[in-house]
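J.: Compact mmCIF, C-alpha atoms and all ligand atoms, file coords.txt:
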# COMPACT_ATOMS: atom_id res chain seq x y z
CA MET A 1 90.59 128.76 64.81
CA ALA A 2 90.45 129.85 68.40
CA VAL A 3 92.40 133.01 69.00
CA ARG A 4 93.16 133.43 72.62
CA LYS A 5 93.33 136.86 74.12
CA PRO A 6 96.64 137.32 75.85
CA LYS A 7 96.39 138.14 79.54
CA ILE A 8 99.79 139.72 79.68
CA GLN A 9 101.64 141.48 76.90
CA LYS A 10 105.19 141.67 78.11
CA THR A 11 107.56 139.45 79.99
CA ASN A 12 111.23 139.81 80.77
CA GLY A 13 113.68 137.04 80.13
CA ILE A 14 117.13 136.04 81.32
CA CYS A 15 120.23 135.79 79.15
CA SER A 16 121.77 132.39 79.84
CA LEU A 17 125.24 133.67 78.94
CA CYS A 18 125.52 136.53 81.44
CA GLY A 19 122.35 136.45 83.57
CA GLY A 20 121.18 139.83 82.26
CA VAL A 21 117.45 140.54 82.38
CA PHE A 22 115.78 142.18 79.39
CA GLY A 23 112.47 142.37 77.54
CA LYS A 24 112.04 140.50 74.27
CA THR A 25 113.10 143.33 71.96
CA ALA A 26 116.02 144.57 74.05
CA MET A 27 117.17 140.99 74.46
CA LYS A 28 117.78 140.65 70.73
CA LYS A 29 120.23 143.52 70.72
CA HIS A 30 121.79 142.25 73.91
CA ILE A 31 122.44 138.68 72.83
CA VAL A 32 124.00 139.68 69.53
CA GLN A 33 126.61 141.54 71.58
CA CYS A 34 126.74 139.00 74.39
CA LEU A 35 127.39 136.13 71.97
CA GLN A 36 130.46 138.00 70.74
CA LYS A 37 131.76 138.25 74.28
CA HIS A 38 131.09 134.55 74.85
CA PRO A 39 132.18 133.17 71.48
CA SER A 40 132.10 129.53 72.47
CA ARG A 41 131.22 127.94 75.74
CA LYS A 42 133.37 124.92 75.04
CA PRO A 43 137.15 125.10 74.80
CA SER A 44 137.92 123.79 71.34
CA GLY A 45 140.33 120.93 71.76
CA PHE A 46 139.99 119.66 68.25
CA PRO A 47 143.22 119.22 66.31
CA VAL A 48 141.59 120.73 63.25
CA PRO A 49 138.96 123.28 64.21
CA VAL A 50 135.67 122.68 62.48
CA GLN A 51 133.52 125.66 61.69
CA THR A 52 129.88 125.41 62.60
CA ARG A 53 127.41 128.00 61.41
CA LEU A 54 124.80 128.90 63.99
CA PHE A 55 121.49 130.68 63.57
CA THR A 56 119.98 132.59 66.47
CA ILE A 57 116.24 132.18 66.16
CA LEU A 58 113.55 134.10 68.04
CA VAL A 59 110.55 131.87 68.70
CA LYS A 60 107.36 133.32 70.15
CA GLY A 61 103.72 132.40 70.57
CA SER A 62 101.81 133.82 67.59
CA PHE A 63 98.98 135.27 69.66
CA LEU A 64 100.73 134.98 72.99
CA HIS A 65 103.80 137.15 72.63
CA GLU A 66 104.65 136.93 76.31
CA TYR A 67 106.09 133.48 75.63
CA TRP A 68 109.38 133.75 73.76
CA MET A 69 112.83 132.24 73.44
CA TYR A 70 116.05 132.99 71.66
CA ILE A 71 117.68 129.75 70.65
CA GLU A 72 120.91 129.00 68.85
CA VAL A 73 120.65 126.24 66.28
CA PRO A 74 123.38 124.72 64.10
CA ALA A 75 122.53 125.62 60.50
CA ASN A 76 123.32 122.08 59.45
CA SER A 77 120.63 120.52 61.63
CA LEU A 78 117.35 119.24 60.23
CA LEU A 79 113.95 120.89 60.56
CA ARG A 80 113.01 117.66 62.33
CA GLY A 81 115.56 118.46 65.05
CA LEU A 82 114.04 121.88 65.59
CA ASP A 83 110.59 120.29 65.69
CA ASN A 84 111.75 117.87 68.39
CA PHE A 85 113.26 120.69 70.38
CA LEU A 86 110.08 122.79 70.25
CA ARG A 87 108.00 119.77 71.22
CA ASN A 88 110.19 118.97 74.21
CA ILE A 89 110.45 122.46 75.55
CA TRP A 90 107.08 123.95 74.69
CA VAL A 91 104.27 122.03 73.03
CA GLU A 92 104.24 118.23 73.17
CA CYS A 93 101.12 116.76 74.74
CA CYS A 94 99.96 113.66 72.86
CA GLY A 95 102.05 113.22 69.75
CA HIS A 96 100.05 115.45 67.38
CA LEU A 97 101.23 116.39 63.92
CA SER A 98 103.25 119.55 63.41
CA SER A 99 104.48 121.63 60.52
CA PHE A 100 106.81 124.46 59.56
CA THR A 101 105.74 126.96 56.91
CA ILE A 102 108.66 128.61 55.12
CA ASN A 103 108.15 130.65 51.95
CA ASN A 104 104.59 129.31 51.72
CA LYS A 105 105.86 125.74 51.64
CA LYS A 106 104.79 123.31 54.30
CA TYR A 107 107.16 120.86 55.97
CA ILE A 108 105.24 118.30 57.91
CA SER A 109 106.25 115.96 60.76
CA GLU A 110 104.67 112.85 59.26
CA MET A 111 103.99 112.32 55.61
CA ASP A 112 101.00 110.39 54.39
CA GLU A 113 98.50 110.34 51.51
CA TYR A 114 96.65 113.33 52.81
CA PHE A 115 99.72 115.58 52.93
CA LYS A 116 101.12 114.59 49.52
CA GLU A 117 101.60 118.21 48.52
CA ASP A 118 103.79 118.95 51.51
CA LYS A 119 107.42 118.23 52.23
CA SER A 120 108.96 116.21 55.03
CA MET A 121 111.07 117.75 57.81
CA ASN A 122 114.22 116.11 56.50
CA TYR A 123 115.63 119.40 55.25
CA LEU A 124 118.68 121.18 56.57
CA LEU A 125 117.99 124.56 58.10
CA GLU A 126 120.69 126.15 55.97
CA LYS A 127 118.89 125.02 52.80
CA VAL A 128 115.59 126.65 53.70
CA LEU A 129 116.50 129.52 56.06
CA LYS A 130 118.76 132.52 56.02
CA TYR A 131 119.42 135.60 58.10
CA GLY A 132 116.27 137.71 58.50
CA LYS A 133 113.89 134.95 57.42
CA GLU A 134 110.54 134.71 59.18
CA PHE A 135 108.70 131.42 59.30
CA TYR A 136 105.93 129.67 61.16
CA TYR A 137 105.30 126.56 63.19
CA GLU A 138 102.07 124.84 64.04
CA TYR A 139 101.62 122.01 66.52
CA ASP A 140 98.39 119.98 66.55
CA PHE A 141 96.09 120.82 63.64
CA GLY A 142 93.00 120.18 65.84
CA SER A 143 93.74 122.50 68.76
CA PRO A 144 96.71 124.29 67.27
CA THR A 145 99.50 126.18 68.97
CA TYR A 146 101.00 128.65 66.51
CA LEU A 147 104.54 129.91 66.79
CA GLU A 148 106.35 132.62 64.84
CA LEU A 149 110.05 132.27 64.25
CA LYS A 150 112.70 134.56 62.85
CA VAL A 151 116.42 134.17 62.17
CA VAL A 152 117.80 137.22 63.97
CA ASN A 153 121.53 136.49 63.98
CA GLU A 154 124.09 134.28 62.37
CA ARG A 155 127.68 133.42 63.35
CA GLU A 156 130.36 130.78 62.96
CA ILE A 157 132.21 129.09 65.77
CA GLU A 158 134.95 126.50 66.00
CA ASP A 159 133.00 123.63 67.40
CA SER A 160 131.62 120.65 65.55
CA ASP A 161 129.50 119.31 68.34
CA ARG A 162 126.74 121.77 69.09
CA SER A 163 123.13 121.01 69.76
CA ILE A 164 120.26 123.48 70.04
CA GLU A 165 120.73 125.81 73.00
CA ILE A 166 118.46 128.28 74.70
CA ILE A 167 120.18 131.66 74.88
CA ALA A 168 117.32 133.48 76.59
CA ARG A 169 113.77 132.76 77.54
CA ASN A 170 110.86 134.67 79.06
CA GLU A 171 110.33 134.41 82.77
CA PRO A 172 107.09 132.64 83.68
CA PRO A 173 104.25 135.15 83.36
CA VAL A 174 102.24 135.63 86.52
CA VAL A 175 98.53 135.48 85.78
CA ASN A 176 95.82 136.26 88.31
CA CYS A 177 92.85 134.08 89.15
CA ASP A 178 89.75 135.24 87.23
CA SER A 179 87.61 134.93 90.38
CA CYS A 180 89.67 136.28 93.25
CA GLY A 181 92.84 137.83 91.84
CA LYS A 182 95.32 135.56 93.59
CA ILE A 183 98.04 133.93 91.51
CA ALA A 184 96.53 131.36 89.15
CA THR A 185 97.93 127.84 89.33
CA TYR A 186 95.48 126.14 86.97
CA ILE A 187 93.81 126.94 83.69
CA CYS A 188 90.61 125.38 82.39
CA ARG A 189 91.10 123.76 78.98
CA GLN A 190 87.55 124.69 77.98
CA CYS A 191 87.54 128.32 79.12
CA SER A 192 91.09 128.91 77.82
CA ASN A 193 89.72 129.05 74.25
CA SER A 194 88.36 132.47 75.01
CA GLY A 195 91.32 133.60 77.09
CA ASP A 196 89.68 132.95 80.45
CA GLY A 197 89.69 130.06 82.89
CA TRP A 198 92.65 131.01 85.08
CA VAL A 199 92.04 129.77 88.64
CA CYS A 200 94.00 129.66 91.88
CA ASP A 201 94.33 126.71 94.28
CA ASP A 202 91.46 127.99 96.42
CA CYS A 203 89.03 128.56 93.55
CA ALA A 204 89.91 125.38 91.65
CA PRO A 205 87.32 123.13 93.36
CA GLU A 206 84.54 125.60 92.52
CA HIS A 207 85.38 126.16 88.86
CA LYS A 208 82.18 125.89 86.82
CA CYS A 209 83.53 123.33 84.30
CA GLY A 210 84.73 120.97 87.01
CA GLU A 211 88.20 120.23 88.31
CA ASP A 212 88.81 117.51 85.71
CA LEU A 213 89.27 120.10 82.99
CA LEU A 214 91.95 122.03 84.87
CA LEU A 215 95.54 121.93 83.65
CA PRO A 216 98.57 123.29 85.50
CA VAL A 217 99.81 126.77 84.64
CA VAL A 218 103.11 126.30 82.83
CA ASN A 219 105.54 128.57 81.00
CA SER A 220 104.47 127.72 77.45
CA PRO A 221 102.21 129.13 74.74
CA ARG A 222 100.36 125.79 74.89
CA VAL A 223 99.28 126.39 78.49
CA GLY A 224 95.65 125.28 78.92
CA VAL A 225 95.38 123.47 75.57
CA CYS A 226 94.49 119.79 75.02
CA GLY A 227 96.32 117.82 77.71
CA TYR A 228 99.40 119.99 77.93
CA THR A 229 101.03 119.83 81.36
CA GLY A 230 104.61 120.71 80.51
CA LEU A 231 105.72 117.33 81.82
CA ASP A 232 106.88 114.26 79.94
ZN ZN A 301 124.05 138.23 78.14
ZN ZN A 302 97.15 116.70 72.86
ZN ZN A 303 90.95 132.39 93.06
ZN ZN A 304 86.16 126.27 82.56
Will you turn the file into structure tokens for me?

T.:
Amino acid sequence: MAVRKPKIQKTNGICSLCGGVFGKTAMKKHIVQCLQKHPSRKPSGFPVPVQTRLFTILVKGSFLHEYWMYIEVPANSLLRGLDNFLRNIWVECCGHLSSFTINNKKYISEMDEYFKEDKSMNYLLEKVLKYGKEFYYEYDFGSPTYLELKVVNEREIEDSDRSIEIIARNEPPVVNCDSCGKIATYICRQCSNSGDGWVCDDCAPEHKCGEDLLLPVVNSPRVGVCGYTGLD
């Protein structure tokens, strides 16, 4: 398992409800209060209000804590839905397998003979998670990206039609070029295993591994891994 050294420890993020800027820890306190001030972003026009239970979940890179998000997820959605969301926003490169680990049980994106012992992702969040629960996510068992997740808040709103929403997310970390110190725009997929390989536009053509191995710098804990470009 390659453990990458983080280049940067701390990043600020922006609260999507009020625009406030906070670090990861302060943000937790902030959004619990801010969510109360912004109880629902949709006027509820339903004749009979339907209660939806929402979990606020902190997701962060396991070894790369500068990448983090607070998301609000309906408790009655499937693990598969959360998997899709994480893939779209943060990790998907070439359709690798993924898994959640909750209470030492593994929930895997695709079942087959080899993973007989594991469970599928067709479980409701409310059946396997509760307030305070920490759990783990892994994308791509070959060149894995590990995420840590924690249910940090829970509330009910009158809205039956919610999808997963980002409440706050880290601002893109600025990393300097290993050679010249300018802002890095690429990262070498080979050198990134050891936490190096950040290069700027000017130094890119001279990178020792060749330009073909360079990937764009993107705001994700999968930056520089496999073929991850942050694009569809
Ligand atoms: Zn706010
Ligand atoms: Zn890949
Ligand atoms: Zn440079
Ligand atoms: Zn390299």

J.: Name the residues within 12 Å of (117.3, 132.5, 72.9), counting only C-alpha atoms in the file's coordinates, and put them as an MDAnalysis selection string.

T.: chainID A and resid 13:17 22:25 27:32 34:35 55:60 67:73 149:153 164:170

J.: Find the distance between atom CA of A:Asp161 and atom CA of A:Pro74 and write it in Å to one decimal.

T.: 9.2 Å

J.: Hey, can you check how far atom CA of A:Leu79 sits from atom CA of A:Phe63?

T.: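 Going from atom CA of A:Leu79 over to atom CA of A:Phe63, I get 22.7 Å.
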
J.: Could you check how far atom CA of A:Val50 sits from atom CA of A:Glu134, in Å to one decimal?

T.: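 Here the two named atoms are 28.1 Å from each other.
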
J.: For A:Ser62, please output as a list in words all residues within 12 Å (counting all atoms listed in the file; exclusion window: fewer than 2 positions along the same chain).

T.: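 Result of the neighbour search: Val3, Arg4, Lys5, Pro6, Leu58, Val59, Lys60, Leu64, His65, Glu66, Tyr67, Trp68, Phe135, Tyr136, Tyr137, Glu138, Tyr139, Pro144, Thr145, Tyr146, Leu147, Glu148, Leu149, Lys150, Ser220, Pro221 and Arg222 of chain A.
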
J.: Next, dump the selected residues to file, keeping only C-alpha atoms, as a PDB file, in the frame of the given file.

T.:
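The result, stored in part_3.pdb:
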ATOM      1  CA  VAL A   3      92.400 133.010  69.000  1.00  0.00           C
ATOM      2  CA  ARG A   4      93.160 133.430  72.620  1.00  0.00           C
ATOM      3  CA  LYS A   5      93.330 136.860  74.120  1.00  0.00           C
ATOM      4  CA  PRO A   6      96.640 137.320  75.850  1.00  0.00           C
ATOM      5  CA  LEU A  58     113.550 134.100  68.040  1.00  0.00           C
ATOM      6  CA  VAL A  59     110.550 131.870  68.700  1.00  0.00           C
ATOM      7  CA  LYS A  60     107.360 133.320  70.150  1.00  0.00           C
ATOM      8  CA  LEU A  64     100.730 134.980  72.990  1.00  0.00           C
ATOM      9  CA  HIS A  65     103.800 137.150  72.630  1.00  0.00           C
ATOM     10  CA  GLU A  66     104.650 136.930  76.310  1.00  0.00           C
ATOM     11  CA  TYR A  67     106.090 133.480  75.630  1.00  0.00           C
ATOM     12  CA  TRP A  68     109.380 133.750  73.760  1.00  0.00           C
ATOM     13  CA  PHE A 135     108.700 131.420  59.300  1.00  0.00           C
ATOM     14  CA  TYR A 136     105.930 129.670  61.160  1.00  0.00           C
ATOM     15  CA  TYR A 137     105.300 126.560  63.190  1.00  0.00           C
ATOM     16  CA  GLU A 138     102.070 124.840  64.040  1.00  0.00           C
ATOM     17  CA  TYR A 139     101.620 122.010  66.520  1.00  0.00           C
ATOM     18  CA  PRO A 144      96.710 124.290  67.270  1.00  0.00           C
ATOM     19  CA  THR A 145      99.500 126.180  68.970  1.00  0.00           C
ATOM     20  CA  TYR A 146     101.000 128.650  66.510  1.00  0.00           C
ATOM     21  CA  LEU A 147     104.540 129.910  66.790  1.00  0.00           C
ATOM     22  CA  GLU A 148     106.350 132.620  64.840  1.00  0.00           C
ATOM     23  CA  LEU A 149     110.050 132.270  64.250  1.00  0.00           C
ATOM     24  CA  LYS A 150     112.700 134.560  62.850  1.00  0.00           C
ATOM     25  CA  SER A 220     104.470 127.720  77.450  1.00  0.00           C
ATOM     26  CA  PRO A 221     102.210 129.130  74.740  1.00  0.00           C
ATOM     27  CA  ARG A 222     100.360 125.790  74.890  1.00  0.00           C
TER      28      ARG A 222
END

J.: Report as CSV the residues of chain A within 7 Å of ligand ZN 304 (chain A), each with its shortest atom pair and distance in Å (one decimal), using all atoms listed in the file, ordered by chain and increasing residue number.

T.:
residue,atom,partner,partner_atom,distance
A:Cys188,CA,A:ZN304,ZN,4.5
A:Arg189,CA,A:ZN304,ZN,6.6
A:Gln190,CA,A:ZN304,ZN,5.0
A:Cys191,CA,A:ZN304,ZN,4.2
A:Gly197,CA,A:ZN304,ZN,5.2
A:His207,CA,A:ZN304,ZN,6.3
A:Lys208,CA,A:ZN304,ZN,5.8
A:Cys209,CA,A:ZN304,ZN,4.3
A:Leu213,CA,A:ZN304,ZN,6.9

J.: Smallest atom-to-atom distance to ligand ZN 302 (chain A): which of A:His96, A:Arg53, A:Lys105, A:Lys37, using only C-alpha atoms and all ligand atoms?

T.: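 Checking each of A:His96, A:Arg53, A:Lys105, A:Lys37 against ligand ZN 302 (chain A), counting only C-alpha atoms and all ligand atoms, the winner is A:His96.
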
J.: In terms of the shortest atom-to-atom distance over all atoms listed in the file, which of A:Ile89, A:Cys94, A:Leu78, A:Leu129 is closest to ligand ZN 302 (chain A)?

T.: A:Cys94

J.: Collect all residues with atoms no farther than 6 Å from ligand ZN 302 (chain A), counting only C-alpha atoms and all ligand atoms, and output them as a list of chain:residue names.

T.: A:Cys93, A:Cys94, A:Cys226, A:Gly227

J.: Any chance you could tabulate, as a tab-separated table, the residues of chain A at most 6 Å from ligand ZN 303 (chain A) with each one's nearest atom pair and distance in Å to one decimal, using all atoms listed in the file, in chain and rising number order?

T.:
residue	atom	partner	partner_atom	distance
A:Cys177	CA	A:ZN303	ZN	4.7
A:Ser179	CA	A:ZN303	ZN	5.0
A:Cys180	CA	A:ZN303	ZN	4.1
A:Gly181	CA	A:ZN303	ZN	5.9
A:Lys182	CA	A:ZN303	ZN	5.4
A:Val199	CA	A:ZN303	ZN	5.3
A:Cys200	CA	A:ZN303	ZN	4.3
A:Asp202	CA	A:ZN303	ZN	5.6
A:Cys203	CA	A:ZN303	ZN	4.3

J.: In terms of the shortest atom-to-atom distance over all atoms listed in the file, which of A:Asp178, A:Asp196, A:Glu171, A:Glu156 is closest to A:Gln51?

T.: A:Glu156

J.: Give the answer as one residue: which of A:Ala184, A:Val174, A:Lys106, A:Gly230 has the shortest atom-to-atom distance to A:Leu86, using only C-alpha atoms?

T.: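 Answer, going by the shortest atom-to-atom distance: A:Gly230.
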
J.: Which residue gives the smallest distance to ligand ZN 301 (chain A) among A:His38, A:Lys116, A:Lys10, A:Arg155, with all atoms listed in the file counted?

T.: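 The shortest atom-to-atom distance to ligand ZN 301 (chain A) comes from A:His38.
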
J.: Do you know which residues are at most 8 Å from A:Gly224 counting only C-alpha atoms, after dropping those on the same chain fewer than 3 positions away, and could you put them as a PyMOL selection string?

T.: chain A and resi 187-189+192+214-217+227-228

J.: With all atoms listed in the file counted, which protein, DNA or RNA residues have an atom no more than 12 Å from (100.3, 114.5, 60.2) in the file frame? Please answer as an MDAnalysis selection string.

T.: chainID A and resid 95:100 106:116 118:121 138:142

J.: Of the residues A:Thr185, A:Asn76, A:Gln33, A:Asn176, which is the one nearest to ligand ZN 301 (chain A), using all atoms listed in the file?

T.: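 When distances to ligand ZN 301 (chain A) are compared using all atoms listed in the file, the smallest one comes from A:Gln33.
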